[in-house]
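Asker: This one is data.txt, compact mmCIF, C-alpha atoms and all ligand atoms.
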```
# COMPACT_ATOMS: atom_id res chain seq x y z
CA MET T 1223 -65.67 -9.67 -35.74
CA THR T 1224 -62.89 -10.77 -38.08
CA ASP T 1225 -62.38 -7.13 -39.08
CA ASP T 1226 -62.12 -6.20 -35.41
CA LEU T 1227 -59.38 -8.76 -34.96
CA ALA T 1228 -57.56 -7.58 -38.08
CA SER T 1229 -57.60 -3.97 -36.98
CA PHE T 1230 -56.60 -4.90 -33.38
CA GLU T 1231 -53.67 -6.84 -34.78
CA ALA T 1232 -52.65 -4.01 -37.10
CA GLU T 1233 -52.88 -1.49 -34.28
CA THR T 1234 -50.85 -3.63 -31.91
CA LEU T 1235 -48.21 -4.26 -34.58
CA ALA T 1236 -47.97 -0.50 -35.06
CA ARG T 1237 -47.53 0.00 -31.30
CA ILE T 1238 -44.85 -2.68 -31.21
CA GLY T 1239 -43.02 -0.91 -34.00
CA ALA T 1240 -43.29 2.40 -32.16
CA ALA T 1241 -42.06 1.09 -28.77
CA GLY T 1242 -38.91 3.11 -28.12
CA ASP T 1243 -37.41 0.96 -25.39
CA LEU T 1244 -37.76 -2.42 -23.69
CA ALA T 1245 -40.10 -1.07 -20.99
CA ALA T 1246 -42.51 0.39 -23.56
CA LEU T 1247 -42.40 -2.83 -25.56
CA ASP T 1248 -43.24 -4.84 -22.48
CA ALA T 1249 -46.23 -2.58 -21.76
CA VAL T 1250 -47.57 -3.31 -25.26
CA ARG T 1251 -47.04 -7.04 -24.73
CA VAL T 1252 -48.90 -7.04 -21.41
CA ALA T 1253 -51.81 -5.01 -22.87
CA ALA T 1254 -52.24 -7.51 -25.72
CA LEU T 1255 -51.06 -10.89 -24.51
CA GLY T 1256 -50.86 -10.56 -20.71
CA LYS T 1257 -53.24 -12.32 -18.34
CA ASN T 1258 -55.73 -9.47 -18.65
CA GLY T 1259 -54.65 -8.52 -22.19
CA ALA T 1260 -57.06 -7.77 -25.04
CA LEU T 1261 -56.23 -10.83 -27.14
CA THR T 1262 -56.36 -13.06 -24.07
CA ALA T 1263 -59.87 -11.73 -23.39
CA LEU T 1264 -60.91 -12.52 -26.97
CA MET T 1265 -59.61 -16.07 -26.57
CA LYS T 1266 -61.50 -16.49 -23.32
CA GLY T 1267 -64.66 -15.38 -25.17
CA LEU T 1268 -64.31 -18.19 -27.72
CA GLY T 1269 -66.83 -20.32 -25.85
CA ALA T 1270 -69.62 -17.81 -26.55
CA VAL T 1271 -69.02 -17.90 -30.31
CA ALA T 1272 -71.52 -19.87 -32.38
CA PRO T 1273 -70.25 -23.44 -32.85
CA GLU T 1274 -70.04 -23.20 -36.66
CA GLU T 1275 -67.80 -20.13 -36.44
CA ARG T 1276 -65.70 -21.28 -33.51
CA LYS T 1277 -63.08 -23.20 -35.45
CA ALA T 1278 -62.26 -20.42 -37.89
CA ARG T 1279 -62.34 -17.87 -35.09
CA GLY T 1280 -59.96 -19.92 -32.96
CA ALA T 1281 -57.52 -20.32 -35.84
CA ALA T 1282 -57.62 -16.59 -36.52
CA LEU T 1283 -56.97 -15.75 -32.87
CA ASN T 1284 -54.02 -18.17 -32.72
CA ALA T 1285 -52.57 -16.73 -35.91
CA ALA T 1286 -52.88 -13.22 -34.46
CA LYS T 1287 -51.20 -14.33 -31.24
CA ASP T 1288 -48.29 -15.91 -33.13
CA ALA T 1289 -47.85 -12.86 -35.32
CA LEU T 1290 -47.81 -10.51 -32.31
CA THR T 1291 -45.45 -12.74 -30.34
CA GLN T 1292 -43.02 -12.87 -33.24
CA ALA T 1293 -43.20 -9.14 -33.80
CA ILE T 1294 -42.50 -8.50 -30.10
CA GLU T 1295 -39.48 -10.80 -30.15
CA ALA T 1296 -38.11 -9.17 -33.30
CA ARG T 1297 -38.58 -5.72 -31.80
CA ARG T 1298 -36.95 -6.81 -28.52
CA ALA T 1299 -33.87 -8.03 -30.40
CA ALA T 1300 -33.70 -4.82 -32.43
CA LEU T 1301 -33.98 -2.66 -29.29
CA ALA T 1302 -31.27 -4.70 -27.50
CA ASP T 1303 -28.96 -4.32 -30.52
CA ALA T 1304 -29.59 -0.61 -30.65
CA ALA T 1305 -28.90 -0.27 -26.91
CA LEU T 1306 -25.60 -2.13 -27.30
CA ASP T 1307 -24.58 -0.01 -30.31
CA GLN T 1308 -25.33 3.11 -28.33
CA ARG T 1309 -23.26 1.90 -25.37
CA LEU T 1310 -20.34 0.97 -27.57
CA ALA T 1311 -20.47 4.36 -29.24
CA ALA T 1312 -20.59 6.16 -25.88
CA GLU T 1313 -17.92 4.14 -24.06
CA ARG T 1314 -14.42 4.82 -25.19
CA ILE T 1315 -11.17 3.61 -23.70
CA ASP T 1316 -8.19 5.91 -23.87
CA VAL T 1317 -5.35 3.44 -24.14
CA THR T 1318 -2.81 6.25 -23.85
CA LEU T 1319 -3.72 7.01 -20.22
CA PRO T 1320 -1.00 6.06 -17.70
CA PRO T 1321 -1.94 3.08 -15.49
CA ARG T 1322 -3.03 3.67 -11.90
CA PRO T 1323 -0.30 2.98 -9.36
CA GLU T 1324 -0.68 -0.56 -8.07
CA ALA T 1325 -0.29 -1.21 -4.34
CA GLN T 1326 2.63 -3.60 -3.87
CA GLY T 1327 2.40 -5.74 -0.77
CA LEU T 1328 5.60 -6.74 1.02
CA VAL T 1329 6.53 -9.80 3.03
CA HIS T 1330 6.75 -9.14 6.78
CA VAL T 1331 10.17 -9.70 8.31
CA ILE T 1332 8.79 -12.56 10.45
CA SER T 1333 7.33 -14.37 7.43
CA ARG T 1334 10.57 -13.81 5.57
CA THR T 1335 12.64 -15.18 8.46
CA VAL T 1336 10.42 -18.27 8.64
CA GLU T 1337 10.98 -18.77 4.90
CA GLU T 1338 14.74 -18.51 5.42
CA ILE T 1339 14.72 -21.00 8.30
CA VAL T 1340 12.55 -23.43 6.34
CA ALA T 1341 14.86 -23.10 3.32
CA VAL T 1342 17.94 -24.13 5.34
CA PHE T 1343 16.31 -27.02 7.22
CA GLY T 1344 14.45 -28.06 4.08
CA ALA T 1345 17.79 -28.55 2.35
CA MET T 1346 18.81 -30.81 5.26
CA GLY T 1347 15.76 -33.03 4.75
CA PHE T 1348 13.38 -31.59 7.35
CA THR T 1349 9.74 -31.05 6.49
CA VAL T 1350 7.38 -28.51 8.05
CA ALA T 1351 4.90 -29.65 10.70
CA GLU T 1352 2.08 -27.61 12.20
CA GLY T 1353 -0.12 -27.49 15.26
CA PRO T 1354 -2.92 -25.26 16.52
CA ASP T 1355 -2.42 -22.11 18.61
CA ILE T 1356 -4.95 -23.41 21.15
CA GLU T 1357 -3.52 -26.50 22.80
CA ASP T 1358 -4.47 -28.68 25.74
CA ASP T 1359 -2.23 -28.63 28.80
CA TRP T 1360 -1.20 -32.23 28.22
CA LYS T 1361 0.48 -31.52 24.89
CA ASN T 1362 1.79 -28.12 25.99
CA PHE T 1363 3.14 -29.37 29.36
CA GLY T 1364 2.35 -32.88 30.60
CA ALA T 1365 3.52 -34.94 27.66
CA LEU T 1366 6.68 -32.82 27.56
CA ASN T 1367 7.52 -33.99 31.07
CA ILE T 1368 6.49 -30.70 32.67
CA PRO T 1369 4.27 -32.01 35.48
CA GLU T 1370 1.60 -30.02 37.28
CA HIS T 1371 3.10 -27.57 39.81
CA HIS T 1372 6.41 -27.69 37.96
CA PRO T 1373 7.92 -24.18 38.07
CA ALA T 1374 8.19 -24.18 34.26
CA ARG T 1375 4.41 -23.90 34.10
CA GLN T 1376 4.58 -20.61 36.00
CA ASP T 1377 7.67 -19.46 34.08
CA HIS T 1378 5.68 -19.61 30.91
CA ASP T 1379 3.07 -17.06 32.09
CA THR T 1380 0.43 -19.17 30.44
CA PHE T 1381 -2.81 -17.78 29.03
CA TYR T 1382 -5.45 -20.27 30.14
CA LEU T 1383 -8.69 -20.29 28.15
CA PRO T 1384 -12.16 -20.93 29.53
CA GLY T 1385 -13.74 -24.35 29.03
CA ARG T 1386 -12.16 -27.74 28.57
CA THR T 1387 -11.28 -29.95 25.63
CA ALA T 1388 -13.49 -32.93 24.74
CA ASP T 1389 -11.29 -35.17 26.88
CA GLY T 1390 -11.52 -32.84 29.88
CA ARG T 1391 -8.15 -31.10 29.62
CA GLU T 1392 -7.43 -27.45 30.30
CA LYS T 1393 -7.09 -25.25 27.20
CA VAL T 1394 -4.12 -22.95 26.81
CA LEU T 1395 -2.65 -20.71 24.15
CA ARG T 1396 0.49 -22.71 23.45
CA THR T 1397 3.44 -21.19 25.30
CA HIS T 1398 5.96 -22.74 22.92
CA THR T 1399 6.02 -24.78 19.71
CA SER T 1400 7.15 -27.90 21.60
CA PRO T 1401 3.61 -29.43 21.62
CA VAL T 1402 4.07 -29.94 17.87
CA GLN T 1403 6.74 -32.49 18.86
CA ILE T 1404 4.02 -34.43 20.69
CA ARG T 1405 1.58 -34.13 17.78
CA THR T 1406 4.22 -35.35 15.34
CA MET T 1407 5.37 -38.29 17.44
CA THR T 1408 1.83 -39.45 18.21
CA GLY T 1409 0.77 -38.83 14.60
CA GLY T 1410 2.98 -41.41 12.92
CA PRO T 1411 5.97 -43.70 13.40
CA PRO T 1412 9.64 -42.59 13.34
CA PRO T 1413 11.96 -41.77 11.67
CA ILE T 1414 11.00 -38.11 12.02
CA ARG T 1415 12.64 -34.93 10.80
CA VAL T 1416 10.41 -31.90 11.20
CA ILE T 1417 10.56 -28.23 11.98
CA ALA T 1418 7.49 -26.43 13.25
CA PRO T 1419 7.44 -22.65 12.95
CA GLY T 1420 4.46 -20.85 14.46
CA ARG T 1421 2.86 -18.44 16.89
CA THR T 1422 3.32 -18.78 20.62
CA TYR T 1423 1.85 -16.83 23.54
CA ARG T 1424 2.91 -15.72 26.99
CA ALA T 1425 1.45 -13.07 29.30
CA ASP T 1426 4.51 -10.91 29.00
CA HIS T 1427 4.73 -7.46 27.45
CA ASP T 1428 7.64 -5.04 27.44
CA ALA T 1429 10.28 -3.64 25.09
CA THR T 1430 11.69 -7.06 24.33
CA HIS T 1431 8.60 -9.26 24.82
CA SER T 1432 5.34 -9.39 22.94
CA PRO T 1433 2.45 -11.51 24.30
CA MET T 1434 2.32 -13.15 20.87
CA PHE T 1435 5.63 -14.16 19.39
CA HIS T 1436 7.04 -16.86 17.17
CA GLN T 1437 9.20 -19.91 17.66
CA VAL T 1438 10.47 -22.66 15.48
CA GLU T 1439 10.71 -26.14 16.90
CA GLY T 1440 12.90 -28.88 15.50
CA LEU T 1441 12.67 -32.62 16.05
CA ALA T 1442 14.74 -35.47 14.64
CA ILE T 1443 14.03 -39.05 15.77
CA ASP T 1444 15.83 -42.05 14.36
CA ARG T 1445 17.66 -45.19 15.50
CA HIS T 1446 21.16 -43.83 15.91
CA ILE T 1447 20.88 -40.11 16.51
CA THR T 1448 23.53 -38.68 18.80
CA LEU T 1449 24.49 -35.39 20.38
CA GLY T 1450 26.99 -35.07 17.52
CA HIS T 1451 24.12 -34.90 15.03
CA LEU T 1452 22.43 -32.23 17.10
CA LYS T 1453 25.58 -30.12 17.23
CA GLY T 1454 26.43 -30.56 13.56
CA CYS T 1455 22.92 -29.79 12.46
CA LEU T 1456 22.58 -26.62 14.56
CA VAL T 1457 26.06 -25.29 13.76
CA ASP T 1458 25.38 -25.77 10.05
CA PHE T 1459 21.98 -24.15 10.37
CA LEU T 1460 23.22 -21.10 12.29
CA ARG T 1461 26.12 -20.48 9.90
CA ALA T 1462 23.88 -20.89 6.85
CA PHE T 1463 21.06 -18.79 8.27
CA PHE T 1464 23.28 -15.89 9.29
CA GLY T 1465 25.47 -16.31 6.21
CA ILE T 1466 28.67 -16.27 8.28
CA ALA T 1467 30.89 -19.24 7.47
CA HIS T 1468 32.90 -19.11 10.68
CA LEU T 1469 30.23 -17.91 13.06
CA PRO T 1470 31.37 -19.01 16.54
CA VAL T 1471 28.83 -21.38 18.11
CA ARG T 1472 28.96 -22.55 21.73
CA PHE T 1473 26.94 -25.29 23.42
CA ARG T 1474 26.32 -24.65 27.10
CA SER T 1475 24.88 -27.22 29.48
CA SER T 1476 21.35 -26.30 30.58
CA TYR T 1477 18.07 -27.78 31.73
CA PHE T 1478 14.74 -28.40 30.02
CA PRO T 1479 12.27 -30.97 31.34
CA PHE T 1480 11.79 -32.49 27.89
CA THR T 1481 15.45 -33.05 27.00
CA GLU T 1482 18.33 -34.88 28.68
CA PRO T 1483 21.01 -33.72 28.36
CA SER T 1484 19.93 -30.16 27.53
CA MET T 1485 21.99 -27.41 26.00
CA GLU T 1486 21.61 -23.76 25.28
CA VAL T 1487 23.33 -22.54 22.17
CA ASP T 1488 25.17 -19.22 21.95
CA ILE T 1489 26.64 -17.44 18.96
CA GLY T 1490 29.61 -15.09 18.96
CA TRP T 1491 28.97 -11.39 18.55
CA ASN T 1492 30.08 -7.96 19.58
CA ARG T 1493 27.71 -6.74 22.26
CA ARG T 1494 28.73 -3.11 21.75
CA THR T 1495 28.27 -2.89 17.96
CA GLY T 1496 25.73 -5.65 17.54
CA GLU T 1497 27.93 -7.24 14.87
CA LEU T 1498 27.72 -11.01 14.62
CA GLY T 1499 30.63 -13.38 14.16
CA SER T 1500 33.33 -11.62 16.14
CA GLY T 1501 33.86 -9.46 19.18
CA GLY T 1502 34.29 -12.01 21.93
CA ASP T 1503 30.77 -11.82 23.44
CA TRP T 1504 28.18 -14.58 23.48
CA LEU T 1505 24.49 -14.34 22.73
CA GLU T 1506 22.04 -17.05 23.65
CA ILE T 1507 20.03 -18.04 20.59
CA LEU T 1508 18.24 -21.33 21.19
CA GLY T 1509 17.51 -24.27 23.49
CA SER T 1510 18.14 -27.87 22.54
CA GLY T 1511 18.82 -31.36 23.79
CA MET T 1512 18.34 -35.08 23.37
CA VAL T 1513 14.65 -35.94 23.62
CA HIS T 1514 13.91 -37.21 27.13
CA PRO T 1515 12.98 -40.93 27.21
CA LYS T 1516 9.82 -40.05 29.14
CA VAL T 1517 8.68 -37.81 26.29
CA LEU T 1518 9.21 -40.64 23.81
CA LEU T 1519 7.28 -43.03 26.07
CA ASN T 1520 4.46 -40.48 26.49
CA CYS T 1521 4.12 -40.61 22.69
CA GLY T 1522 4.20 -44.40 22.53
CA ILE T 1523 7.71 -44.54 21.07
CA ASP T 1524 10.08 -47.22 22.35
CA HIS T 1525 13.02 -45.28 23.83
CA THR T 1526 15.29 -48.33 23.64
CA GLU T 1527 14.95 -48.38 19.86
CA TRP T 1528 14.52 -44.70 18.95
CA GLN T 1529 16.20 -41.53 20.11
CA GLY T 1530 16.71 -38.07 18.81
CA PHE T 1531 17.24 -34.40 19.38
CA ALA T 1532 15.00 -31.37 19.62
CA PHE T 1533 15.48 -27.64 19.65
CA GLY T 1534 13.45 -24.48 19.98
CA MET T 1535 14.34 -21.00 18.82
CA GLY T 1536 12.69 -17.58 19.08
CA ILE T 1537 12.10 -16.18 15.61
CA GLU T 1538 11.86 -12.49 16.51
CA ARG T 1539 15.30 -12.55 18.11
CA VAL T 1540 17.06 -14.08 15.09
CA ALA T 1541 15.05 -11.91 12.69
CA MET T 1542 16.20 -8.78 14.50
CA LEU T 1543 19.81 -9.95 14.57
CA LYS T 1544 19.89 -10.96 10.94
CA HIS T 1545 18.05 -7.98 9.54
CA GLY T 1546 19.53 -5.30 11.81
CA LEU T 1547 16.33 -4.35 13.65
CA THR T 1548 16.73 -3.05 17.20
CA ASP T 1549 13.16 -2.67 18.47
CA LEU T 1550 10.62 -5.48 18.78
CA ARG T 1551 7.62 -3.24 19.41
CA PRO T 1552 6.90 -2.13 15.82
CA PHE T 1553 6.70 -5.75 14.60
CA TYR T 1554 3.00 -5.93 15.36
CA ASP T 1555 1.93 -2.26 15.20
CA SER T 1556 0.84 -2.49 11.53
CA ASP T 1557 2.48 0.88 10.88
CA ILE T 1558 2.58 1.03 7.09
CA ARG T 1559 5.77 3.15 7.08
CA TRP T 1560 7.64 0.56 9.16
CA LEU T 1561 6.25 -2.28 7.06
CA ARG T 1562 7.40 -0.55 3.86
CA ALA T 1563 10.83 0.14 5.29
CA THR T 1564 11.43 -3.40 6.56
CA GLY T 1565 9.35 -5.58 4.20
CA PHE T 1566 10.71 -7.91 1.54
CA ARG T 1567 9.65 -8.12 -2.07
CA PRO T 1568 7.67 -11.34 -2.49
CA GLU T 1569 9.57 -12.28 -5.64
CA ASP T 1570 12.92 -12.27 -3.77
CA VAL T 1571 12.68 -15.91 -2.76
CA ALA T 1572 14.61 -17.01 0.31
CA SER T 1573 17.29 -19.43 -0.73
CA THR T 1574 19.78 -21.72 0.92
CA ALA T 1575 22.69 -19.74 -0.51
CA THR T 1576 24.80 -19.58 2.56
CA GLY T 1577 28.19 -18.12 2.01
CA ILE T 1578 29.59 -21.32 3.48
CA ALA T 1579 32.55 -22.76 1.62
N1 LIG O 1 10.32 -24.92 24.45
C1 LIG O 1 11.47 -24.19 24.94
C2 LIG O 1 11.05 -22.77 25.29
O1 LIG O 1 10.06 -22.32 24.84
C3 LIG O 1 12.56 -24.15 23.89
C4 LIG O 1 13.15 -25.49 23.68
C5 LIG O 1 14.28 -25.89 24.39
C6 LIG O 1 12.62 -26.35 22.77
C7 LIG O 1 14.87 -27.10 24.20
C8 LIG O 1 13.21 -27.61 22.56
C9 LIG O 1 14.33 -27.97 23.30
O2 LIG O 1 12.71 -28.47 21.70
O3 LIG O 1 14.88 -29.17 23.08
O4 LIG O 1 11.73 -22.12 26.02
```
Go ahead and render the structure in this file as C-alpha cells.
Answerer:
Amino acid sequence: MTDDLASFEAETLARIGAAGDLAALDAVRVAALGKNGALTALMKGLGAVAPEERKARGAALNAAKDALTQAIEARRAALADAALDQRLAAERIDVTLPPRPEAQGLVHVISRTVEEIVAVFGAMGFTVAEGPDIEDDWKNFGALNIPEHHPARQDHDTFYLPGRTADGREKVLRTHTSPVQIRTMTGGPPPIRVIAPGRTYRADHDATHSPMFHQVEGLAIDRHITLGHLKGCLVDFLRAFFGIAHLPVRFRSSYFPFTEPSMEVDIGWNRRTGELGSGGDWLEILGSGMVHPKVLLNCGIDHTEWQGFAFGMGIERVAMLKHGLTDLRPFYDSDIRWLRATGFRPEDVASTATGIA
C-alpha cells in the first residue's frame, strides 16, 4: 500500500514535470487532486483501513498531497515565466517607425463664437447661465409678458411637445433664450449679471433659417440700472466682439412684450461688399430693452427697488458676419470638408483682445 502511494506520487511528479503548458498541467492536477482524482479517492478510502494503520496512512496521504500541490504550483510559475519570456522575445517594437497620423478635431464656428461672446461679457463681470431646451410655456411666454393668443406666440412658430409638465403646463422647445431670464430671476435674488448662450428652436427652414439655431441672452438687474448702461454695455460688446473700434452702432425704438422701452440695435456695414464698420448701411443685430416691470413681478422681484436691461442676439448671424461665412445651411450638415475649412484649433483660445484703444 505504501509502495503504491510512493509510486503514484513519483509518477504524478513526473507527469507534472512533463506538462508542457498550463492546460496540460491542470489536467494532471485534476486527475490527482480533483474531486474524482486518484489521491482524493485514496483519502476517501481511509475509513476502510485497519485502525492501527490509519494514522500512518493518513499522514502519508497528506504528505503526498502537499508534495504534489507544491510541485504543481512550482511548475505553474515556471510555465508562466516561460510563456512571458516567449512573448517578450516574439514582440518587438520598432521605435523608428513614423507615428500614425492623429485626427485633429476642430472647434465649430458656433462654439467658437459662443466662446468669443462669453470672453467679452465675462470681462465685463457677467457669468454664464443655462436653461433646458425643453421649456414650459409659462417660462417661454407667460412670465415674459407674452400672454396666450398674443401674436408673438404665433410669430415664434413654436414646436409644441406632447404631454404636460408636472404642474400641468404645455411643453415647448424654447423659441428663444429669454426663459433663462425667468429661471435666473426666480433662482436667486438680484443683483444679476448673466448671459445665457444656447440652442433655440422654431419651425422655420430656408436659406437663412434653421429650425435649430442659437441665441445668447443677456440680463443685468440692479438698483440703479439705466438705459445708458444698456447702451454702453452693448456698444462696448459689439466693438470688442467685431474688433472694430469705431463700429457704428444705432439704437432704434422697437417693441418686445418683455421690455419697456425696447430697442433694436443695428451696426454699420456695407450691404454690397459685406464689410462691417463703414459703407452707410445698417444691419439689425440684436433686440434689447429695459426689463418690463411685469416680468420682474412675475419673478417675485420688487420693480420699485430693482430694474435692469436685457438683450437677445442670434449667434449664427454674428458668427457669419465676423467669420465671413455667407451660407447658413452648411452649419449643421456635418460635412467634414466644411468643418475642416471653417473650424478653429482648440488651442487658439478666444480672448478679449479687442482692438479698442
Ligand atoms: N427673445 C427675443 C427674440 O427671440 C430677443 C430679445 C429681444 C431678447 C429683446 C431680449 C430682449 O432679452 O430684451 O426675438
Asker: In Å, with one decimal, what is the gap from atom CA of Gln1292 of chain T to atom CA of Gly1269 of chain T?
Answerer: 26.0 Å
Asker: Tell me which of T:His1525, T:His1451, T:Arg1396, T:His1371 sits closest to ligand LIG 1 (chain O), counting only C-alpha atoms and all ligand atoms.
Answerer: T:Arg1396
Asker: Write out as a PyMOL selection string the residues lying within 8 Å of Thr1430 of chain T, counting all atoms listed in the file and excluding same-chain residues fewer than 3 positions away.
Answerer: chain T and resi 1427+1549-1551
Asker: Limited to C-alpha atoms, could you put the picked residues into a file as a compact mmCIF listing (two decimals), keeping the file's coordinate frame?
Answerer:
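part.txt, written as the output of this step:
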```
# COMPACT_ATOMS: atom_id res chain seq x y z
CA HIS T 1427 4.73 -7.46 27.45
CA ASP T 1549 13.16 -2.67 18.47
CA LEU T 1550 10.62 -5.48 18.78
CA ARG T 1551 7.62 -3.24 19.41
```
Asker: Enumerate as a PyMOL selection string the residues within 8 Å of ligand LIG 1 (chain O), counting all atoms listed in the file.
Answerer: chain T and resi 1378+1397-1400+1403+1437+1439-1441+1478+1480-1481+1484-1486+1508-1513+1531-1536
Asker: Store the residues picked out above in a file with C-alpha atoms, as a PDB file, keeping the file's coordinate frame.
Answerer:
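The new file out.pdb reads:
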```pdb
ATOM      1  CA  HIS T1378       5.680 -19.610  30.910  1.00  0.00           C
ATOM      2  CA  THR T1397       3.440 -21.190  25.300  1.00  0.00           C
ATOM      3  CA  HIS T1398       5.960 -22.740  22.920  1.00  0.00           C
ATOM      4  CA  THR T1399       6.020 -24.780  19.710  1.00  0.00           C
ATOM      5  CA  SER T1400       7.150 -27.900  21.600  1.00  0.00           C
ATOM      6  CA  GLN T1403       6.740 -32.490  18.860  1.00  0.00           C
ATOM      7  CA  GLN T1437       9.200 -19.910  17.660  1.00  0.00           C
ATOM      8  CA  GLU T1439      10.710 -26.140  16.900  1.00  0.00           C
ATOM      9  CA  GLY T1440      12.900 -28.880  15.500  1.00  0.00           C
ATOM     10  CA  LEU T1441      12.670 -32.620  16.050  1.00  0.00           C
ATOM     11  CA  PHE T1478      14.740 -28.400  30.020  1.00  0.00           C
ATOM     12  CA  PHE T1480      11.790 -32.490  27.890  1.00  0.00           C
ATOM     13  CA  THR T1481      15.450 -33.050  27.000  1.00  0.00           C
ATOM     14  CA  SER T1484      19.930 -30.160  27.530  1.00  0.00           C
ATOM     15  CA  MET T1485      21.990 -27.410  26.000  1.00  0.00           C
ATOM     16  CA  GLU T1486      21.610 -23.760  25.280  1.00  0.00           C
ATOM     17  CA  LEU T1508      18.240 -21.330  21.190  1.00  0.00           C
ATOM     18  CA  GLY T1509      17.510 -24.270  23.490  1.00  0.00           C
ATOM     19  CA  SER T1510      18.140 -27.870  22.540  1.00  0.00           C
ATOM     20  CA  GLY T1511      18.820 -31.360  23.790  1.00  0.00           C
ATOM     21  CA  MET T1512      18.340 -35.080  23.370  1.00  0.00           C
ATOM     22  CA  VAL T1513      14.650 -35.940  23.620  1.00  0.00           C
ATOM     23  CA  PHE T1531      17.240 -34.400  19.380  1.00  0.00           C
ATOM     24  CA  ALA T1532      15.000 -31.370  19.620  1.00  0.00           C
ATOM     25  CA  PHE T1533      15.480 -27.640  19.650  1.00  0.00           C
ATOM     26  CA  GLY T1534      13.450 -24.480  19.980  1.00  0.00           C
ATOM     27  CA  MET T1535      14.340 -21.000  18.820  1.00  0.00           C
ATOM     28  CA  GLY T1536      12.690 -17.580  19.080  1.00  0.00           C
TER      29      GLY T1536
END
```
Asker: Kindly list the centre and edge lengths in Å, rounded to one decimal, for the axis-aligned box that covers all listed atoms of segment 1444-1452 of chain T plus 5 Å on each of its six sides, as JSON.
Answerer:
```
{"center_x": 21.4, "center_y": -38.7, "center_z": 17.4, "size_x": 21.2, "size_y": 23.0, "size_z": 16.0}
```
Asker: Considering all atoms listed in the file, state which residue in the set T:Pro1411, T:Gly1465, T:Pro1373, T:Pro1483 is at the smallest distance from Val1342 of chain T.
Answerer: T:Gly1465
Asker: Find the spatial neighbours of Ala1286 of chain T, counting all atoms listed in the file, within a cut-off of 10 Å - ignore same-chain residues fewer than 6 positions away - and output them as a ChimeraX atom specification.
Answerer: /T:1227-1228,1230-1232,1261,1280,1292
Asker: Residues at most 12 Å from Ala1236 of chain T, counting only C-alpha atoms, excluding those fewer than 2 positions away in the same chain, as a PDB file with C-alpha atoms, keeping the file's coordinate frame?
Answerer:
```pdb
ATOM      1  CA  SER T1229     -57.600  -3.970 -36.980  1.00  0.00           C
ATOM      2  CA  PHE T1230     -56.600  -4.900 -33.380  1.00  0.00           C
ATOM      3  CA  GLU T1231     -53.670  -6.840 -34.780  1.00  0.00           C
ATOM      4  CA  ALA T1232     -52.650  -4.010 -37.100  1.00  0.00           C
ATOM      5  CA  GLU T1233     -52.880  -1.490 -34.280  1.00  0.00           C
ATOM      6  CA  THR T1234     -50.850  -3.630 -31.910  1.00  0.00           C
ATOM      7  CA  ILE T1238     -44.850  -2.680 -31.210  1.00  0.00           C
ATOM      8  CA  GLY T1239     -43.020  -0.910 -34.000  1.00  0.00           C
ATOM      9  CA  ALA T1240     -43.290   2.400 -32.160  1.00  0.00           C
ATOM     10  CA  ALA T1241     -42.060   1.090 -28.770  1.00  0.00           C
ATOM     11  CA  GLY T1242     -38.910   3.110 -28.120  1.00  0.00           C
ATOM     12  CA  LEU T1247     -42.400  -2.830 -25.560  1.00  0.00           C
ATOM     13  CA  VAL T1250     -47.570  -3.310 -25.260  1.00  0.00           C
ATOM     14  CA  LEU T1290     -47.810 -10.510 -32.310  1.00  0.00           C
ATOM     15  CA  ALA T1293     -43.200  -9.140 -33.800  1.00  0.00           C
ATOM     16  CA  ILE T1294     -42.500  -8.500 -30.100  1.00  0.00           C
ATOM     17  CA  ARG T1297     -38.580  -5.720 -31.800  1.00  0.00           C
TER      18      ARG T1297
END
```
